[in-house]
>>> print(open('model06.txt').read())   # compact mmCIF, C-alpha atoms and all ligand atoms
# COMPACT_ATOMS: atom_id res chain seq x y z
CA MET A 7 73.17 149.85 -25.40
CA ASP A 8 74.79 151.01 -28.63
CA LEU A 9 77.42 148.57 -29.81
CA THR A 10 78.28 150.20 -33.08
CA PHE A 11 81.89 149.63 -33.99
CA SER A 12 84.01 152.06 -35.97
CA ASP A 13 85.29 150.82 -39.36
CA GLU A 14 88.69 150.36 -37.78
CA GLU A 15 87.24 148.27 -34.95
CA LYS A 16 85.35 146.10 -37.44
CA MET A 17 88.64 145.52 -39.24
CA ILE A 18 90.37 144.59 -35.99
CA ILE A 19 87.65 142.06 -35.10
CA GLU A 20 87.90 140.57 -38.60
CA LEU A 21 91.68 140.52 -38.32
CA ALA A 22 91.41 138.66 -34.98
CA ARG A 23 89.13 136.05 -36.55
CA GLU A 24 91.46 135.53 -39.50
CA PHE A 25 94.49 135.48 -37.22
CA ALA A 26 92.89 132.84 -35.01
CA GLU A 27 92.05 130.63 -38.01
CA LYS A 28 95.35 131.05 -39.81
CA GLU A 29 97.88 131.27 -36.99
CA LEU A 30 96.28 129.58 -34.00
CA ARG A 31 94.09 126.76 -35.27
CA PRO A 32 96.96 124.85 -36.91
CA ILE A 33 99.04 124.86 -33.69
CA ALA A 34 96.43 124.91 -30.90
CA HIS A 35 96.62 121.15 -30.28
CA GLU A 36 100.39 120.93 -30.56
CA ILE A 37 101.16 123.80 -28.14
CA ASP A 38 98.72 122.31 -25.64
CA VAL A 39 100.44 118.91 -25.80
CA GLU A 40 103.91 120.48 -25.69
CA LYS A 41 102.91 122.91 -22.92
CA ARG A 42 104.58 125.64 -24.96
CA VAL A 43 103.85 129.37 -24.97
CA PRO A 44 103.86 130.26 -28.70
CA ILE A 45 106.17 133.27 -28.43
CA GLU A 46 106.47 133.50 -32.23
CA VAL A 47 102.69 133.90 -32.49
CA LEU A 48 102.62 136.52 -29.73
CA ARG A 49 105.28 138.45 -31.66
CA LYS A 50 103.11 138.32 -34.77
CA MET A 51 100.16 139.56 -32.72
CA GLN A 52 102.29 142.45 -31.56
CA GLU A 53 103.30 143.22 -35.16
CA VAL A 54 99.70 143.38 -36.39
CA GLY A 55 98.61 145.45 -33.39
CA LEU A 56 96.51 142.79 -31.66
CA LEU A 57 98.37 142.72 -28.37
CA GLY A 58 98.26 146.35 -27.19
CA LEU A 59 94.62 146.61 -28.11
CA MET A 60 93.30 148.73 -25.26
CA ILE A 61 96.35 150.99 -25.04
CA PRO A 62 95.38 154.43 -26.44
CA GLU A 63 96.78 155.55 -29.77
CA GLU A 64 98.78 158.33 -28.12
CA TYR A 65 100.84 155.56 -26.52
CA ASP A 66 101.10 153.64 -29.82
CA GLY A 67 98.33 151.13 -29.05
CA ALA A 68 95.18 150.39 -31.05
CA GLY A 69 93.01 152.25 -28.53
CA VAL A 70 89.91 150.14 -29.16
CA SER A 71 86.77 150.25 -27.01
CA THR A 72 86.17 147.56 -24.40
CA ALA A 73 83.25 146.35 -26.56
CA CYS A 74 85.65 145.72 -29.46
CA TYR A 75 88.27 144.23 -27.16
CA VAL A 76 85.87 141.58 -25.82
CA GLN A 77 84.99 140.59 -29.38
CA VAL A 78 88.68 140.08 -30.14
CA ILE A 79 89.18 137.95 -27.01
CA GLU A 80 86.13 135.87 -27.97
CA GLU A 81 87.49 135.30 -31.49
CA LEU A 82 90.84 134.12 -30.13
CA ALA A 83 89.36 131.96 -27.34
CA ARG A 84 87.02 130.33 -29.85
CA VAL A 85 90.17 128.72 -31.30
CA CYS A 86 92.82 128.85 -28.56
CA ALA A 87 91.87 129.92 -25.04
CA ALA A 88 95.51 129.90 -23.87
CA VAL A 89 96.54 132.69 -26.23
CA ALA A 90 93.35 134.60 -25.41
CA ILE A 91 94.32 134.76 -21.73
CA VAL A 92 97.79 136.12 -22.55
CA LEU A 93 96.08 139.00 -24.32
CA SER A 94 93.45 139.47 -21.61
CA VAL A 95 95.98 139.65 -18.76
CA HIS A 96 98.34 141.87 -20.77
CA ASN A 97 95.61 144.43 -21.45
CA SER A 98 93.14 144.21 -18.57
CA VAL A 99 95.35 143.80 -15.54
CA GLY A 100 98.75 144.63 -17.07
CA ALA A 101 98.36 147.85 -19.07
CA TYR A 102 95.02 149.15 -17.76
CA PRO A 103 96.16 149.94 -14.17
CA ILE A 104 99.04 152.00 -15.59
CA LEU A 105 96.65 153.92 -17.80
CA ARG A 106 94.15 154.46 -15.01
CA PHE A 107 96.42 155.07 -12.01
CA GLY A 108 99.97 155.57 -13.35
CA SER A 109 101.87 158.85 -13.41
CA ASP A 110 102.55 160.60 -16.72
CA GLU A 111 106.08 159.33 -16.54
CA GLN A 112 104.94 155.72 -15.97
CA ARG A 113 102.46 155.93 -18.84
CA LYS A 114 105.04 157.38 -21.23
CA ASN A 115 107.67 154.93 -20.14
CA TYR A 116 105.66 151.69 -20.16
CA LEU A 117 102.55 151.92 -22.34
CA PRO A 118 104.37 152.32 -25.69
CA ARG A 119 106.54 149.34 -24.80
CA LEU A 120 103.51 147.25 -23.81
CA ALA A 121 101.97 148.24 -27.15
CA SER A 122 105.04 147.07 -29.06
CA ASP A 123 107.31 144.38 -27.68
CA TRP A 124 106.74 143.99 -23.93
CA ILE A 125 104.34 141.70 -22.12
CA GLY A 126 102.68 142.56 -18.83
CA ALA A 127 101.70 140.40 -15.85
CA PHE A 128 99.68 140.91 -12.67
CA CYS A 129 101.06 139.65 -9.35
CA LEU A 130 98.44 139.58 -6.62
CA SER A 131 97.95 135.97 -5.45
CA GLU A 132 100.26 134.29 -2.96
CA ALA A 133 100.43 130.93 -1.23
CA ALA A 134 98.20 132.10 1.63
CA SER A 135 96.13 134.69 -0.20
CA GLY A 136 93.91 133.96 -3.18
CA SER A 137 90.26 134.87 -2.66
CA ASP A 138 91.32 136.67 0.52
CA ALA A 139 93.61 138.98 -1.43
CA SER A 140 94.13 141.48 1.39
CA ALA A 141 95.95 138.76 3.37
CA LEU A 142 98.97 139.04 1.07
CA GLU A 143 102.39 139.04 2.72
CA LEU A 144 104.93 140.18 0.13
CA ARG A 145 106.47 143.23 1.70
CA ALA A 146 107.79 146.47 0.22
CA THR A 147 109.96 148.38 2.68
CA LYS A 148 110.80 152.01 2.05
CA ASP A 149 114.55 152.65 2.10
CA GLY A 150 115.58 156.18 1.11
CA ASP A 151 114.56 156.75 -2.49
CA SER A 152 113.67 153.13 -3.06
CA TYR A 153 111.50 150.26 -1.91
CA VAL A 154 112.87 146.80 -1.22
CA LEU A 155 110.55 143.90 -2.08
CA ASN A 156 110.68 140.54 -0.34
CA GLY A 157 108.29 137.63 -0.76
CA ALA A 158 106.79 135.40 -3.44
CA LYS A 159 103.84 135.53 -5.80
CA LEU A 160 102.01 132.49 -7.10
CA TRP A 161 99.92 131.76 -10.17
CA VAL A 162 101.31 134.59 -12.28
CA THR A 163 99.91 134.30 -15.81
CA ASN A 164 102.59 135.38 -18.33
CA GLY A 165 104.99 135.09 -15.36
CA SER A 166 107.94 133.62 -17.26
CA ILE A 167 107.49 135.67 -20.44
CA ALA A 168 106.57 139.08 -18.99
CA ASN A 169 108.85 142.11 -19.11
CA LEU A 170 106.83 144.07 -16.56
CA TYR A 171 105.05 142.98 -13.39
CA LEU A 172 102.38 144.90 -11.54
CA VAL A 173 103.16 143.75 -8.00
CA LEU A 174 100.82 144.19 -5.03
CA ALA A 175 102.79 144.47 -1.81
CA LYS A 176 102.26 145.30 1.83
CA THR A 177 103.70 148.70 2.80
CA ALA A 178 101.96 149.02 6.18
CA ASP A 179 100.37 146.75 8.80
CA ILE A 180 96.84 147.91 9.48
CA PRO A 181 95.28 145.00 11.40
CA ASP A 182 91.61 146.04 11.15
CA ARG A 183 91.84 147.12 7.52
CA PRO A 184 94.75 145.21 5.93
CA HIS A 185 93.74 146.26 2.40
CA ARG A 186 94.66 149.85 3.28
CA GLY A 187 98.27 148.76 3.83
CA ILE A 188 98.67 147.47 0.26
CA SER A 189 100.46 149.36 -2.52
CA ALA A 190 101.12 148.64 -6.20
CA PHE A 191 104.52 148.70 -7.88
CA LEU A 192 105.72 148.44 -11.47
CA VAL A 193 108.68 146.10 -11.47
CA GLU A 194 110.77 145.37 -14.55
CA ARG A 195 111.63 141.75 -15.14
CA ASP A 196 115.40 142.24 -15.17
CA THR A 197 115.50 143.99 -11.79
CA PRO A 198 118.09 142.20 -9.59
CA GLY A 199 116.42 140.03 -6.95
CA ILE A 200 113.66 138.60 -9.17
CA THR A 201 113.63 134.93 -10.06
CA VAL A 202 111.01 132.96 -11.91
CA GLY A 203 110.23 129.83 -9.91
CA LYS A 204 108.13 126.77 -10.62
CA LEU A 205 105.87 126.71 -13.67
CA GLU A 206 102.51 125.13 -12.84
CA ASP A 207 101.70 121.86 -14.61
CA LYS A 208 98.08 122.72 -15.33
CA MET A 209 95.03 120.75 -16.37
CA GLY A 210 94.19 123.24 -19.12
CA LEU A 211 95.45 126.42 -20.75
CA ARG A 212 98.71 124.53 -21.05
CA ALA A 213 100.07 126.91 -23.67
CA SER A 214 99.82 129.80 -21.21
CA ASP A 215 102.50 129.92 -18.52
CA THR A 216 101.58 130.25 -14.87
CA ALA A 217 104.62 130.91 -12.70
CA GLU A 218 105.87 131.56 -9.21
CA ILE A 219 107.81 134.81 -9.00
CA HIS A 220 110.27 135.31 -6.14
CA PHE A 221 111.42 138.70 -4.92
CA GLN A 222 114.50 138.71 -2.74
CA ASP A 223 115.89 142.10 -1.68
CA CYS A 224 114.52 143.39 -4.95
CA ARG A 225 115.17 147.13 -4.95
CA VAL A 226 113.00 149.40 -7.08
CA PRO A 227 113.04 153.21 -7.26
CA ALA A 228 110.31 155.08 -5.37
CA SER A 229 109.01 156.10 -8.81
CA ALA A 230 107.90 152.45 -9.30
CA LEU A 231 105.03 153.06 -6.87
CA VAL A 232 101.71 153.40 -8.72
CA GLY A 233 99.63 156.26 -7.36
CA GLU A 234 100.29 156.58 -3.66
CA GLU A 235 100.92 154.17 -0.81
CA GLY A 236 97.80 152.37 0.43
CA ILE A 237 95.74 152.42 -2.78
CA GLY A 238 97.11 149.15 -4.18
CA PHE A 239 94.05 147.13 -3.21
CA LYS A 240 91.77 149.60 -4.98
CA ILE A 241 94.02 149.43 -8.06
CA ALA A 242 93.90 145.63 -7.99
CA MET A 243 90.12 145.49 -7.58
CA GLN A 244 89.51 147.94 -10.44
CA ALA A 245 91.94 146.02 -12.62
CA LEU A 246 90.00 142.85 -11.80
CA ASP A 247 86.66 144.48 -12.71
CA ASN A 248 88.24 145.03 -16.09
CA GLY A 249 89.83 141.58 -16.17
CA ARG A 250 86.54 139.86 -15.40
CA ILE A 251 85.00 141.27 -18.56
CA GLY A 252 87.96 139.74 -20.43
CA VAL A 253 87.54 136.34 -18.72
CA GLY A 254 83.80 136.47 -19.44
CA SER A 255 84.53 136.93 -23.14
CA GLN A 256 87.14 134.19 -23.00
CA ALA A 257 84.48 131.85 -21.57
CA VAL A 258 82.02 132.84 -24.32
CA GLY A 259 84.71 132.17 -26.95
CA ILE A 260 85.49 128.72 -25.50
CA ALA A 261 81.78 127.87 -25.48
CA GLN A 262 81.33 129.10 -29.05
CA GLY A 263 84.29 127.02 -30.23
CA ALA A 264 82.97 123.94 -28.38
CA LEU A 265 79.51 124.38 -29.95
CA GLU A 266 81.04 124.58 -33.42
CA GLU A 267 83.00 121.38 -32.77
CA ALA A 268 79.80 119.67 -31.60
CA VAL A 269 77.79 120.80 -34.62
CA ALA A 270 80.46 119.60 -37.07
CA TYR A 271 80.68 116.22 -35.32
CA ALA A 272 76.90 115.82 -35.11
CA LYS A 273 76.56 116.29 -38.87
CA GLU A 274 79.27 113.79 -39.66
CA ARG A 275 78.70 110.99 -37.12
CA VAL A 276 76.12 108.40 -38.15
CA ALA A 277 74.14 106.32 -35.63
CA PHE A 278 71.00 104.29 -36.24
CA GLY A 279 71.28 104.98 -39.96
CA ARG A 280 71.38 108.75 -39.87
CA PRO A 281 73.63 111.60 -38.73
CA ILE A 282 73.25 112.08 -34.97
CA ALA A 283 72.27 115.72 -35.74
CA ASP A 284 68.94 114.28 -36.91
CA HIS A 285 68.19 112.96 -33.41
CA GLN A 286 66.12 115.36 -31.39
CA ALA A 287 68.15 114.84 -28.19
CA ILE A 288 71.23 116.17 -30.00
CA GLN A 289 69.28 119.08 -31.50
CA PHE A 290 68.03 120.02 -28.04
CA MET A 291 71.58 120.10 -26.67
CA ILE A 292 72.64 122.31 -29.57
CA ALA A 293 69.65 124.60 -29.01
CA ASP A 294 70.49 124.97 -25.32
CA MET A 295 74.14 125.69 -26.08
CA GLU A 296 73.33 128.36 -28.67
CA THR A 297 70.78 130.03 -26.38
CA GLU A 298 73.02 130.12 -23.33
CA ILE A 299 76.01 131.40 -25.31
CA SER A 300 73.89 134.27 -26.67
CA ALA A 301 72.70 135.16 -23.16
CA ALA A 302 76.24 135.19 -21.78
CA ARG A 303 77.53 137.21 -24.73
CA SER A 304 74.89 139.84 -24.01
CA LEU A 305 75.99 140.11 -20.37
CA VAL A 306 79.64 140.47 -21.39
CA ARG A 307 78.78 143.13 -23.97
CA ARG A 308 76.64 145.01 -21.47
CA ALA A 309 79.48 145.13 -18.93
CA ALA A 310 81.87 146.30 -21.67
CA TRP A 311 79.42 148.92 -22.87
CA ARG A 312 78.95 150.27 -19.33
CA LYS A 313 82.69 150.57 -18.90
CA ASP A 314 83.04 152.39 -22.23
CA ALA A 315 80.19 154.73 -21.25
CA GLY A 316 82.02 155.60 -18.02
CA LEU A 317 79.31 153.95 -15.88
CA SER A 318 79.88 151.75 -12.84
CA HIS A 319 80.53 148.21 -14.05
CA GLY A 320 81.84 146.18 -11.09
CA LYS A 321 78.57 144.29 -10.55
CA GLU A 322 78.04 143.86 -14.30
CA ALA A 323 81.60 142.55 -14.81
CA ALA A 324 81.08 140.04 -11.98
CA MET A 325 77.73 138.94 -13.42
CA ALA A 326 79.23 138.57 -16.90
CA LYS A 327 82.15 136.52 -15.58
CA LEU A 328 80.00 134.37 -13.29
CA TYR A 329 77.35 133.56 -15.85
CA ALA A 330 79.69 133.18 -18.84
CA SER A 331 82.10 130.88 -16.99
CA GLU A 332 79.37 128.64 -15.56
CA MET A 333 77.56 128.69 -18.92
CA SER A 334 80.73 127.59 -20.69
CA HIS A 335 81.02 124.72 -18.19
CA ARG A 336 77.58 123.47 -19.22
CA VAL A 337 78.35 123.98 -22.90
CA VAL A 338 81.66 122.09 -22.98
CA HIS A 339 79.99 119.27 -21.03
CA ARG A 340 77.22 118.96 -23.62
CA ALA A 341 79.58 119.43 -26.56
CA LEU A 342 81.73 116.58 -25.30
CA GLN A 343 78.61 114.45 -24.80
CA VAL A 344 77.68 115.00 -28.45
CA HIS A 345 81.08 113.52 -29.38
CA GLY A 346 80.45 110.33 -27.39
CA GLY A 347 83.63 108.31 -26.71
CA ALA A 348 85.56 110.26 -29.35
CA GLY A 349 85.25 113.38 -27.19
CA TYR A 350 87.12 111.64 -24.41
CA THR A 351 90.27 111.35 -26.53
CA LYS A 352 92.87 113.84 -27.69
CA GLU A 353 91.88 113.12 -31.30
CA TYR A 354 89.19 115.76 -30.99
CA ALA A 355 89.63 119.38 -29.96
CA ILE A 356 86.66 119.23 -27.60
CA GLU A 357 88.83 117.47 -25.02
CA ARG A 358 91.04 120.61 -24.87
CA TYR A 359 88.07 122.97 -24.68
CA TYR A 360 86.72 120.89 -21.79
CA ARG A 361 89.98 121.28 -19.84
CA ASP A 362 90.59 124.93 -20.79
CA GLN A 363 87.13 126.01 -19.70
CA ARG A 364 87.43 124.97 -16.07
CA VAL A 365 89.69 127.74 -14.85
CA THR A 366 87.35 130.49 -16.04
CA GLU A 367 85.32 129.64 -12.92
CA ILE A 368 88.39 130.11 -10.72
CA TYR A 369 90.79 132.84 -11.79
CA GLU A 370 90.24 136.58 -11.47
CA GLY A 371 87.92 135.62 -8.60
CA THR A 372 86.11 132.32 -8.13
CA SER A 373 82.37 131.98 -8.80
CA GLU A 374 81.82 132.23 -5.05
CA MET A 375 83.66 135.58 -4.96
CA GLN A 376 81.60 136.86 -7.92
CA ARG A 377 78.42 135.96 -6.04
CA ILE A 378 79.70 137.87 -3.01
CA VAL A 379 80.43 140.95 -5.18
CA ILE A 380 77.03 140.78 -6.89
CA GLY A 381 75.11 140.08 -3.66
CA ARG A 382 76.77 142.97 -1.82
CA ALA A 383 76.14 145.34 -4.73
CA VAL A 384 72.46 144.43 -4.92
CA LEU A 385 71.97 144.73 -1.16
CA SER A 386 73.59 148.16 -1.09
CA GLU A 387 71.61 149.57 -4.04
C1 LIG B 1 95.65 129.20 -14.34
C2 LIG B 1 95.62 130.27 -13.28
C3 LIG B 1 96.09 131.54 -13.59
C4 LIG B 1 96.09 132.54 -12.62
N1 LIG B 1 96.63 133.77 -12.91
C5 LIG B 1 96.79 134.69 -11.93
C6 LIG B 1 97.50 135.91 -12.16
O1 LIG B 1 97.92 136.20 -13.29
N2 LIG B 1 97.71 136.75 -11.13
C7 LIG B 1 97.24 136.49 -9.88
O2 LIG B 1 97.47 137.29 -8.98
N3 LIG B 1 96.56 135.34 -9.62
C8 LIG B 1 96.33 134.45 -10.61
N4 LIG B 1 95.65 133.26 -10.35
C9 LIG B 1 95.17 132.99 -8.99
C10 LIG B 1 93.66 133.00 -8.90
O3 LIG B 1 93.17 134.31 -9.03
C11 LIG B 1 93.27 132.32 -7.58
O4 LIG B 1 93.54 130.93 -7.75
C12 LIG B 1 91.82 132.54 -7.21
O5 LIG B 1 91.61 133.89 -6.88
C13 LIG B 1 91.39 131.65 -6.05
O6 LIG B 1 92.29 131.71 -5.01
P1 LIG B 1 92.86 130.35 -4.35
O7 LIG B 1 93.32 129.48 -5.45
O8 LIG B 1 93.83 130.71 -3.30
O9 LIG B 1 91.59 129.67 -3.71
P2 LIG B 1 91.03 129.93 -2.22
O10 LIG B 1 90.91 131.39 -1.99
O11 LIG B 1 91.82 129.12 -1.28
O12 LIG B 1 89.58 129.31 -2.35
C14 LIG B 1 89.31 127.91 -2.27
C15 LIG B 1 87.81 127.72 -2.33
O13 LIG B 1 87.19 128.39 -1.21
C16 LIG B 1 86.19 129.30 -1.68
N5 LIG B 1 86.15 130.46 -0.78
C17 LIG B 1 87.18 131.19 -0.28
N6 LIG B 1 86.71 132.17 0.49
C18 LIG B 1 85.35 132.10 0.48
C19 LIG B 1 84.29 132.85 1.06
N7 LIG B 1 84.53 133.94 1.80
N8 LIG B 1 83.02 132.47 0.83
C20 LIG B 1 82.75 131.39 0.05
N9 LIG B 1 83.72 130.63 -0.54
C21 LIG B 1 84.99 130.99 -0.33
C22 LIG B 1 86.67 129.69 -3.08
O14 LIG B 1 85.60 130.21 -3.86
C23 LIG B 1 87.18 128.35 -3.58
O15 LIG B 1 86.10 127.56 -4.01
C24 LIG B 1 95.59 132.26 -11.32
C25 LIG B 1 95.08 130.99 -11.04
C26 LIG B 1 95.10 130.00 -11.99
C27 LIG B 1 94.58 128.64 -11.64
>>> encode(input="model06.txt", output="structure tokens")
Amino acid sequence: MDLTFSDEEKMIIELAREFAEKELRPIAHEIDVEKRVPIEVLRKMQEVGLLGLMIPEEYDGAGVSTACYVQVIEELARVCAAVAIVLSVHNSVGAYPILRFGSDEQRKNYLPRLASDWIGAFCLSEAASGSDASALELRATKDGDSYVLNGAKLWVTNGSIANLYLVLAKTADIPDRPHRGISAFLVERDTPGITVGKLEDKMGLRASDTAEIHFQDCRVPASALVGEEGIGFKIAMQALDNGRIGVGSQAVGIAQGALEEAVAYAKERVAFGRPIADHQAIQFMIADMETEISAARSLVRRAAWRKDAGLSHGKEAAMAKLYASEMSHRVVHRALQVHGGAGYTKEYAIERYYRDQRVTEIYEGTSEMQRIVIGRAVLSE
């Protein structure tokens, strides 16, 4: 596994670290409390080329490798996991499906915009279909040269700020194989018939919006279809393979940030006449955190490397996401424990890391779904 970065990629990773320290750290607490998406910071990220990271240079993006991309997500999540997920969704499940499955016209039309001033979102989940994604009900009905969309999507990250939605919709009823009746559409935000509904009041990632999106007689041209009818489920699953590598790196970043908070606190807090860092129980927790973070980081990098090398990476992405998210759960738990009572208050950032971490075990496929993907892959090898 060769993870050598080009000079440009090294600069981008360094830029992400500096950006996180300078632009995100000072506001991370405030935007969490205010439940505010920091649009001004996202604009700055767009200006310095951090948002359209995976979009190839021919479409005005930075065109970095997945290995570099996961480093950038980790750097951002280490300071502010909410902004990291905006970037992850925008690239992994927003732009990537267009690059991989879109027509030339769709690529030329949308990728440069997503590399400059547009934000992308991915609309798969609905009220009655989360893990069981093929049970979705939003319908796209062919009508002459257009499709008419009716239904509602739930849990859309970037939902209220996005300019472009990748929408998974039912175009045919195939009872035995419902996934074969699903198609993907690129729908612009200002298309008549779209309304942004309720914003979720979440436990964590409060500076990332999660919205309901309603489609009522929303007419899109036939050219909005991605690929052909019936391949939407495949598009969604491949996008999620990609997205899971991003969520894995987000989880590693959260864990790394939590460890750093714990180390700083352990050196400063005195108990029984010496810094608590001198107590072996605290050192052991720090040792376990460091070791597990390194293990998870290796899994994430391996999945990214396999994708860059053009190798199958579905199982590896699921393993990276599963292990990194559950690892980060253990790490934030220990890091909060190191803080004692102080960690249970909003005075210390660890309280935010603790809340932000939890969803990494849920979105882009729960841990149970990752185990199903991994188990099936192993049994069919
Ligand atoms: C903050 C946030 C952001 C999100 N962003 C997006 C987004 O941008 N786009 C999008 O489309 N979706 C998004 N989601 C939705 C997310 O992907 C789903 O919540 C997730 O896939 C789980 O679906 P569910 O909530 O319906 O849970 P359910 O599917 O109802 O699952 C409930 C429980 O049952 C378990 N379960 C279900 N089926 C099985 C089974 N066969 N075997 C074993 N256990 C099972 C699950 O693992 C889970 O523990 C987001 C969710 C959150 C919370």
>>> residues_around(input="model06.txt", residues="A:Ala341", least_positions_apart="2", cutoff="9 Å", atoms="only C-alpha atoms", output="VMD selection string")
chain A and resid 261 264 to 269 291 to 292 295 336 to 339 343 to 345 349 356 360
>>> residues_around(input="model06.txt", residues="A:Asp149", least_positions_apart="5", cutoff="9 Å", atoms="only C-alpha atoms", output="PyMOL selection string")
chain A and resi 154+225+228
>>> residues_around(input="model06.txt", residues="A:Gln244", least_positions_apart="6", cutoff="9 Å", atoms="all atoms listed in the file", output="list in words")
Val99, Pro103 and Gly320 of chain A
>>> write_last_selection(input="model06.txt", atoms="C-alpha atoms", output="PDB file, in the frame of the given file")
ATOM      1  CA  VAL A  99      95.350 143.800 -15.540  1.00  0.00           C
ATOM      2  CA  PRO A 103      96.160 149.940 -14.170  1.00  0.00           C
ATOM      3  CA  GLY A 320      81.840 146.180 -11.090  1.00  0.00           C
TER       4      GLY A 320
END
>>> closest_atom_pairs(input="model06.txt", of="chain A", to="ligand LIG 1 (chain B)", cutoff="6 Å", atoms="all atoms listed in the file", output="Markdown table")
| residue | atom | partner | partner_atom | distance |
| --- | --- | --- | --- | --- |
| A:Phe128 | CA | B:LIG1 | N2 | 4.9 |
| A:Cys129 | CA | B:LIG1 | O2 | 4.3 |
| A:Leu130 | CA | B:LIG1 | O2 | 3.4 |
| A:Ser131 | CA | B:LIG1 | O2 | 3.8 |
| A:Ser135 | CA | B:LIG1 | O8 | 5.5 |
| A:Gly136 | CA | B:LIG1 | O8 | 3.3 |
| A:Ser137 | CA | B:LIG1 | O10 | 3.6 |
| A:Asp138 | CA | B:LIG1 | O10 | 5.9 |
| A:Trp161 | CA | B:LIG1 | C8 | 4.5 |
| A:Val162 | CA | B:LIG1 | O1 | 3.9 |
| A:Thr163 | CA | B:LIG1 | O1 | 3.7 |
| A:Thr216 | CA | B:LIG1 | C3 | 5.8 |
| A:Val365 | CA | B:LIG1 | C27 | 5.9 |
| A:Ile368 | CA | B:LIG1 | C12 | 5.5 |
| A:Tyr369 | CA | B:LIG1 | O3 | 3.9 |
| A:Glu370 | CA | B:LIG1 | O3 | 4.4 |
| A:Gly371 | CA | B:LIG1 | O5 | 4.4 |
| A:Thr372 | CA | B:LIG1 | O14 | 4.8 |
| A:Glu374 | CA | B:LIG1 | O14 | 4.4 |
| A:Met375 | CA | B:LIG1 | O14 | 5.8 |
>>> residues_around(input="model06.txt", residues="stretch 200-207 of chain A", least_positions_apart="5", cutoff="8 Å", atoms="only C-alpha atoms", output="PyMOL selection string")
chain A and resi 161+165-166+195+212+215-222+224
>>> write_last_selection(input="model06.txt", atoms="C-alpha atoms", output="mmCIF file, keeping the file's coordinate frame")
data_model
loop_
_atom_site.group_PDB
_atom_site.id
_atom_site.type_symbol
_atom_site.label_atom_id
_atom_site.label_comp_id
_atom_site.auth_asym_id
_atom_site.auth_seq_id
_atom_site.Cartn_x
_atom_site.Cartn_y
_atom_site.Cartn_z
ATOM 1 C CA TRP A 161 99.920 131.760 -10.170
ATOM 2 C CA GLY A 165 104.990 135.090 -15.360
ATOM 3 C CA SER A 166 107.940 133.620 -17.260
ATOM 4 C CA ARG A 195 111.630 141.750 -15.140
ATOM 5 C CA ARG A 212 98.710 124.530 -21.050
ATOM 6 C CA ASP A 215 102.500 129.920 -18.520
ATOM 7 C CA THR A 216 101.580 130.250 -14.870
ATOM 8 C CA ALA A 217 104.620 130.910 -12.700
ATOM 9 C CA GLU A 218 105.870 131.560 -9.210
ATOM 10 C CA ILE A 219 107.810 134.810 -9.000
ATOM 11 C CA HIS A 220 110.270 135.310 -6.140
ATOM 12 C CA PHE A 221 111.420 138.700 -4.920
ATOM 13 C CA GLN A 222 114.500 138.710 -2.740
ATOM 14 C CA CYS A 224 114.520 143.390 -4.950
#
>>> atom_distance(input="model06.txt", atom1="atom CA of A:Phe25", atom2="atom CA of A:Gly55")
11.4 Å
>>> closest_residue(input="model06.txt", among="A:Met325, A:Ala190, A:Ala90, A:Leu117", to="A:Gly233", atoms="all atoms listed in the file")
A:Ala190
>>> atom_distance(input="model06.txt", atom1="atom CA of A:Ser109", atom2="atom CA of A:Asp196")
21.5 Å
>>> atom_distance(input="model06.txt", atom1="atom CA of A:Tyr65", atom2="atom CA of A:Lys327")
28.8 Å
